[in-house]
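Down below is the structure, laid out as structure tokens.
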Amino acid sequence: MNESYENKSSQTPYILVFTLDDLLFALRTSSVERTIRMVEITPLPKAPEIVLGIINVQGLIVPVVNIRNRFQLPDKESGLTDSIIIVSTGVRKLGIVVDTVKDVIELDESKIVSPPDIINGIEHVEGILKLEDGMVLIHDINKFLSLEEGYAIDKAIVNSE
């Protein structure tokens with residue numbers, strides 16, 4: 001599974017739905033470059049705790065992050081059935097380890113509900129969407145890393161070269 005994702009139309013937004021444990025999450029396809037099967041992740045010394053390591057994607061070093069902690073999910077050993085979603089933020093490319101990539105669906109913006117302000121720690125969630133098989137948290141990849149984490153990742157990559 002090495003699939004590229006692009007919006008079919010600049011007018012119509014799409015999301016890529018994926019799972020962590022039994023929960024549904026999504027990213028806008030405009031930030032998703034591709035999905036790949038799990039590969040060996042090389043540890044990256046002095047990287048922030050959120051970083052599992054780095055992978056080589058067509059000659060580019062891509063840090064791979066663990067988003068499970070951001071959603072207060074228990075750590076899980078990565079397996080061969082897991083996938084990595086390669087995303088592009090405004091600053092860098094990241095790999096995100098997920099259990100499964102489920103689907104690409106057209107997004108009806110009018111059905112997105114803003115996350116409640118009373119829930120702490122979900123600043124990186126742009127909205128919630130109700131689907132037939134459950135609630136989907138739509139993730140804003142550009143708000144996922146703090147500035148400090150981004151700088152620490154960049155520094156760790158430079159020091160590893």
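How things are named: the first chain in the structure tokens is A, the next is B, and so on; residues count from 1 in each chain; ligands count from 1 in the order shown.
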Which neighbours of segment 31-37 of chain A fall inside 12 Å, counting only C-alpha atoms, when residues of the same chain fewer than 4 positions from it are skipped, and could you give them as a short mmCIF file (atom, residue, chain, number, x, y, z; two decimals) with N, CA and C atoms, in the first residue's frame?
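Written out: out.cif:
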data_model
loop_
_atom_site.label_atom_id
_atom_site.label_comp_id
_atom_site.auth_asym_id
_atom_site.auth_seq_id
_atom_site.Cartn_x
_atom_site.Cartn_y
_atom_site.Cartn_z
N MET A 1 0.85 -1.17 0.00
CA MET A 1 0.00 0.00 0.00
C MET A 1 0.90 1.23 0.00
N ASN A 2 1.00 1.85 -1.13
CA ASN A 2 1.74 3.10 -1.26
C ASN A 2 0.88 3.98 -2.13
N GLU A 3 -0.03 4.67 -1.52
CA GLU A 3 -1.00 5.44 -2.27
C GLU A 3 -0.79 6.92 -2.06
N SER A 4 -0.93 7.67 -3.15
CA SER A 4 -0.88 9.13 -3.06
C SER A 4 -2.30 9.66 -2.98
N TYR A 5 -2.46 10.77 -2.26
CA TYR A 5 -3.78 11.36 -2.09
C TYR A 5 -3.74 12.81 -2.51
N GLU A 6 -4.62 13.16 -3.38
CA GLU A 6 -4.78 14.54 -3.78
C GLU A 6 -6.26 14.84 -3.84
N ASN A 7 -6.62 16.06 -3.56
CA ASN A 7 -8.03 16.43 -3.69
C ASN A 7 -8.46 16.26 -5.13
N PRO A 13 -13.57 19.45 -0.54
CA PRO A 13 -12.58 18.91 0.39
C PRO A 13 -12.82 17.42 0.68
N TYR A 14 -11.74 16.71 0.89
CA TYR A 14 -11.80 15.30 1.24
C TYR A 14 -10.98 15.08 2.50
N ILE A 15 -11.31 14.02 3.23
CA ILE A 15 -10.51 13.64 4.39
C ILE A 15 -10.10 12.18 4.27
N LEU A 16 -8.95 11.87 4.84
CA LEU A 16 -8.45 10.51 4.93
C LEU A 16 -8.77 10.02 6.34
N VAL A 17 -9.58 8.99 6.46
CA VAL A 17 -9.99 8.46 7.76
C VAL A 17 -9.07 7.30 8.12
N PHE A 18 -8.60 7.31 9.37
CA PHE A 18 -7.72 6.24 9.87
C PHE A 18 -8.11 5.88 11.29
N ALA A 26 -9.15 11.64 11.36
CA ALA A 26 -9.03 12.01 9.94
C ALA A 26 -8.08 13.18 9.78
N LEU A 27 -7.55 13.27 8.58
CA LEU A 27 -6.73 14.39 8.14
C LEU A 27 -7.28 14.87 6.81
N ILE A 41 11.85 1.90 11.45
CA ILE A 41 12.05 3.29 11.87
C ILE A 41 13.38 3.37 12.61
N ILE A 55 12.53 7.88 8.89
CA ILE A 55 12.51 6.94 7.77
C ILE A 55 12.99 7.68 6.53
N ASN A 56 13.39 6.91 5.53
CA ASN A 56 13.81 7.47 4.26
C ASN A 56 12.67 7.29 3.27
N VAL A 57 12.14 8.39 2.77
CA VAL A 57 11.06 8.35 1.79
C VAL A 57 11.59 9.00 0.51
N GLN A 58 11.94 8.17 -0.43
CA GLN A 58 12.48 8.63 -1.72
C GLN A 58 13.63 9.62 -1.52
N SER A 78 4.50 -0.96 17.38
CA SER A 78 4.15 -0.93 15.97
C SER A 78 4.34 -2.31 15.36
N GLY A 79 3.45 -2.66 14.44
CA GLY A 79 3.51 -3.97 13.80
C GLY A 79 3.48 -3.84 12.29
N LEU A 80 3.68 -4.95 11.62
CA LEU A 80 3.71 -4.96 10.16
C LEU A 80 2.38 -4.59 9.53
N THR A 81 1.29 -4.70 10.28
CA THR A 81 -0.03 -4.35 9.73
C THR A 81 -0.33 -2.85 9.87
N ASP A 82 0.50 -2.13 10.60
CA ASP A 82 0.31 -0.69 10.76
C ASP A 82 0.68 0.04 9.47
N SER A 83 0.27 1.29 9.37
CA SER A 83 0.61 2.13 8.23
C SER A 83 1.25 3.42 8.72
N ILE A 84 1.93 4.09 7.80
CA ILE A 84 2.47 5.41 8.08
C ILE A 84 1.85 6.37 7.06
N ILE A 85 1.27 7.44 7.57
CA ILE A 85 0.72 8.47 6.70
C ILE A 85 1.78 9.56 6.61
N ILE A 86 2.22 9.87 5.39
CA ILE A 86 3.19 10.93 5.17
C ILE A 86 2.40 12.21 4.91
N VAL A 87 2.63 13.21 5.78
CA VAL A 87 1.90 14.47 5.68
C VAL A 87 2.89 15.61 5.49
N SER A 88 2.38 16.70 4.97
CA SER A 88 3.19 17.89 4.79
C SER A 88 2.55 19.02 5.58
N THR A 89 3.30 19.52 6.56
CA THR A 89 2.83 20.68 7.29
C THR A 89 3.35 21.90 6.55
N GLY A 90 3.11 23.05 7.04
CA GLY A 90 3.64 24.24 6.41
C GLY A 90 5.16 24.31 6.48
N VAL A 91 5.76 23.54 7.41
CA VAL A 91 7.19 23.64 7.66
C VAL A 91 7.96 22.38 7.27
N ARG A 92 7.37 21.20 7.47
CA ARG A 92 8.12 19.96 7.27
C ARG A 92 7.19 18.82 6.90
N LYS A 93 7.80 17.73 6.48
CA LYS A 93 7.07 16.48 6.26
C LYS A 93 7.18 15.65 7.53
N LEU A 94 6.11 14.92 7.84
CA LEU A 94 6.08 14.04 9.01
C LEU A 94 5.47 12.70 8.59
N GLY A 95 5.87 11.67 9.29
CA GLY A 95 5.19 10.39 9.17
C GLY A 95 4.39 10.16 10.45
N ILE A 96 3.17 9.69 10.29
CA ILE A 96 2.30 9.42 11.43
C ILE A 96 1.95 7.95 11.42
N VAL A 97 2.25 7.25 12.51
CA VAL A 97 1.93 5.83 12.59
C VAL A 97 0.47 5.67 12.99
N VAL A 98 -0.27 4.87 12.20
CA VAL A 98 -1.68 4.60 12.47
C VAL A 98 -1.91 3.09 12.39
N ASP A 99 -3.00 2.65 13.01
CA ASP A 99 -3.32 1.22 12.95
C ASP A 99 -3.78 0.83 11.56
N THR A 100 -4.77 1.54 11.02
CA THR A 100 -5.26 1.25 9.67
C THR A 100 -5.67 2.54 8.98
N VAL A 101 -5.50 2.55 7.67
CA VAL A 101 -6.05 3.63 6.85
C VAL A 101 -7.36 3.09 6.33
N LYS A 102 -8.43 3.79 6.65
CA LYS A 102 -9.77 3.26 6.40
C LYS A 102 -10.36 3.69 5.08
N ASP A 103 -10.38 5.01 4.82
CA ASP A 103 -11.12 5.48 3.65
C ASP A 103 -10.78 6.93 3.35
N VAL A 104 -11.08 7.35 2.14
CA VAL A 104 -11.07 8.76 1.76
C VAL A 104 -12.51 9.12 1.48
N HIS A 139 -8.15 16.05 12.45
CA HIS A 139 -6.90 16.50 13.02
C HIS A 139 -6.31 17.64 12.18
N ASP A 140 -5.87 18.72 12.81
CA ASP A 140 -5.19 19.81 12.11
C ASP A 140 -3.70 19.58 12.24
N ILE A 141 -3.10 19.04 11.19
CA ILE A 141 -1.68 18.65 11.25
C ILE A 141 -0.77 19.84 11.48
N ASN A 142 -1.19 21.03 11.06
CA ASN A 142 -0.34 22.21 11.23
C ASN A 142 -0.26 22.67 12.69
#
Just list the residues in segment 14-127 of chain A DSSP gives strand (DSSP E or B) on the backbone, as a PyMOL selection string.
-> chain A and resi 14-20+23-28+32-37+42+51-57+60-65+83-88+93-98+100-106+113+125-127
Name all residues at most 10 Å from segment 124-135 of chain A (count only C-alpha atoms; drop same-chain ones fewer than 5 positions away) and give them as a ChimeraX atom specification.
-> /A:22-27,70-71,107-116,140-145
Please produce a file of the residues just selected, as a CSV table (one decimal), in the first residue's frame, where the atoms kept are N, CA, C and O atoms.
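New file result_38.csv:
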chain,number,residue,atom,x,y,z
A,22,ASP,N,-9.8,1.5,18.4
A,22,ASP,CA,-11.1,1.4,17.8
A,22,ASP,C,-11.6,2.8,17.5
A,22,ASP,O,-12.8,2.9,17.2
A,23,LEU,N,-10.8,3.8,17.6
A,23,LEU,CA,-11.3,5.2,17.4
A,23,LEU,C,-11.0,5.7,16.0
A,23,LEU,O,-9.9,5.3,15.4
A,24,LEU,N,-11.8,6.5,15.4
A,24,LEU,CA,-11.7,7.1,14.1
A,24,LEU,C,-11.1,8.5,14.1
A,24,LEU,O,-11.6,9.3,14.9
A,25,PHE,N,-10.1,8.8,13.3
A,25,PHE,CA,-9.5,10.1,13.2
A,25,PHE,C,-9.4,10.4,11.7
A,25,PHE,O,-9.6,9.5,10.8
A,26,ALA,N,-9.2,11.6,11.4
A,26,ALA,CA,-9.0,12.0,9.9
A,26,ALA,C,-8.1,13.2,9.8
A,26,ALA,O,-7.9,14.0,10.7
A,27,LEU,N,-7.5,13.3,8.6
A,27,LEU,CA,-6.7,14.4,8.1
A,27,LEU,C,-7.3,14.9,6.8
A,27,LEU,O,-7.8,14.1,6.0
A,70,ARG,N,-0.9,12.0,22.1
A,70,ARG,CA,-1.7,13.3,22.0
A,70,ARG,C,-3.2,13.1,22.3
A,70,ARG,O,-3.9,13.9,22.7
A,71,PHE,N,-3.6,11.8,22.0
A,71,PHE,CA,-5.1,11.5,22.3
A,71,PHE,C,-5.2,10.6,23.5
A,71,PHE,O,-6.3,10.0,23.7
A,107,LEU,N,-15.9,15.6,2.3
A,107,LEU,CA,-16.2,16.3,3.5
A,107,LEU,C,-17.3,17.3,3.3
A,107,LEU,O,-17.1,18.2,2.5
A,108,ASP,N,-18.4,17.2,4.1
A,108,ASP,CA,-19.4,18.2,4.1
A,108,ASP,C,-19.1,19.1,5.2
A,108,ASP,O,-19.3,18.8,6.4
A,109,GLU,N,-18.5,20.3,4.9
A,109,GLU,CA,-18.1,21.3,5.9
A,109,GLU,C,-19.2,21.6,6.9
A,109,GLU,O,-18.9,21.9,8.1
A,110,SER,N,-20.4,21.6,6.4
A,110,SER,CA,-21.5,22.0,7.3
A,110,SER,C,-21.8,21.0,8.4
A,110,SER,O,-22.5,21.3,9.4
A,111,LYS,N,-21.3,19.8,8.3
A,111,LYS,CA,-21.5,18.8,9.3
A,111,LYS,C,-20.4,18.7,10.3
A,111,LYS,O,-20.5,17.9,11.2
A,112,ILE,N,-19.4,19.5,10.2
A,112,ILE,CA,-18.3,19.5,11.2
A,112,ILE,C,-18.7,20.3,12.4
A,112,ILE,O,-19.2,21.4,12.3
A,113,VAL,N,-18.5,19.7,13.6
A,113,VAL,CA,-18.8,20.4,14.8
A,113,VAL,C,-17.5,20.8,15.5
A,113,VAL,O,-16.6,19.9,15.5
A,114,SER,N,-17.4,22.0,15.9
A,114,SER,CA,-16.2,22.4,16.6
A,114,SER,C,-16.0,21.6,17.9
A,114,SER,O,-17.0,21.4,18.6
A,115,PRO,N,-14.7,21.3,18.2
A,115,PRO,CA,-14.5,20.5,19.5
A,115,PRO,C,-14.9,21.4,20.7
A,115,PRO,O,-14.6,22.6,20.6
A,116,PRO,N,-15.4,20.9,21.7
A,116,PRO,CA,-15.8,21.7,22.9
A,116,PRO,C,-14.6,22.3,23.5
A,116,PRO,O,-13.5,21.6,23.6
A,140,ASP,N,-5.9,18.7,12.8
A,140,ASP,CA,-5.2,19.8,12.1
A,140,ASP,C,-3.7,19.6,12.2
A,140,ASP,O,-3.1,19.9,13.3
A,141,ILE,N,-3.1,19.0,11.2
A,141,ILE,CA,-1.7,18.6,11.3
A,141,ILE,C,-0.8,19.8,11.5
A,141,ILE,O,0.3,19.7,12.1
A,142,ASN,N,-1.2,21.0,11.1
A,142,ASN,CA,-0.3,22.2,11.2
A,142,ASN,C,-0.3,22.7,12.7
A,142,ASN,O,0.6,23.4,13.0
A,143,LYS,N,-1.2,22.2,13.5
A,143,LYS,CA,-1.1,22.6,15.0
A,143,LYS,C,-0.6,21.4,15.8
A,143,LYS,O,-0.6,21.5,17.0
A,144,PHE,N,-0.2,20.3,15.2
A,144,PHE,CA,0.1,19.1,15.9
A,144,PHE,C,1.4,19.3,16.8
A,144,PHE,O,1.4,19.0,17.9
A,145,LEU,N,2.5,19.8,16.2
A,145,LEU,CA,3.7,20.0,16.9
A,145,LEU,C,3.8,21.4,17.5
A,145,LEU,O,3.5,22.3,16.8
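Nearest residue to Arg28 of chain A among A:Glu77, A:Glu106, A:Glu49, A:Glu40 is A:Glu106, counting only C-alpha atoms.
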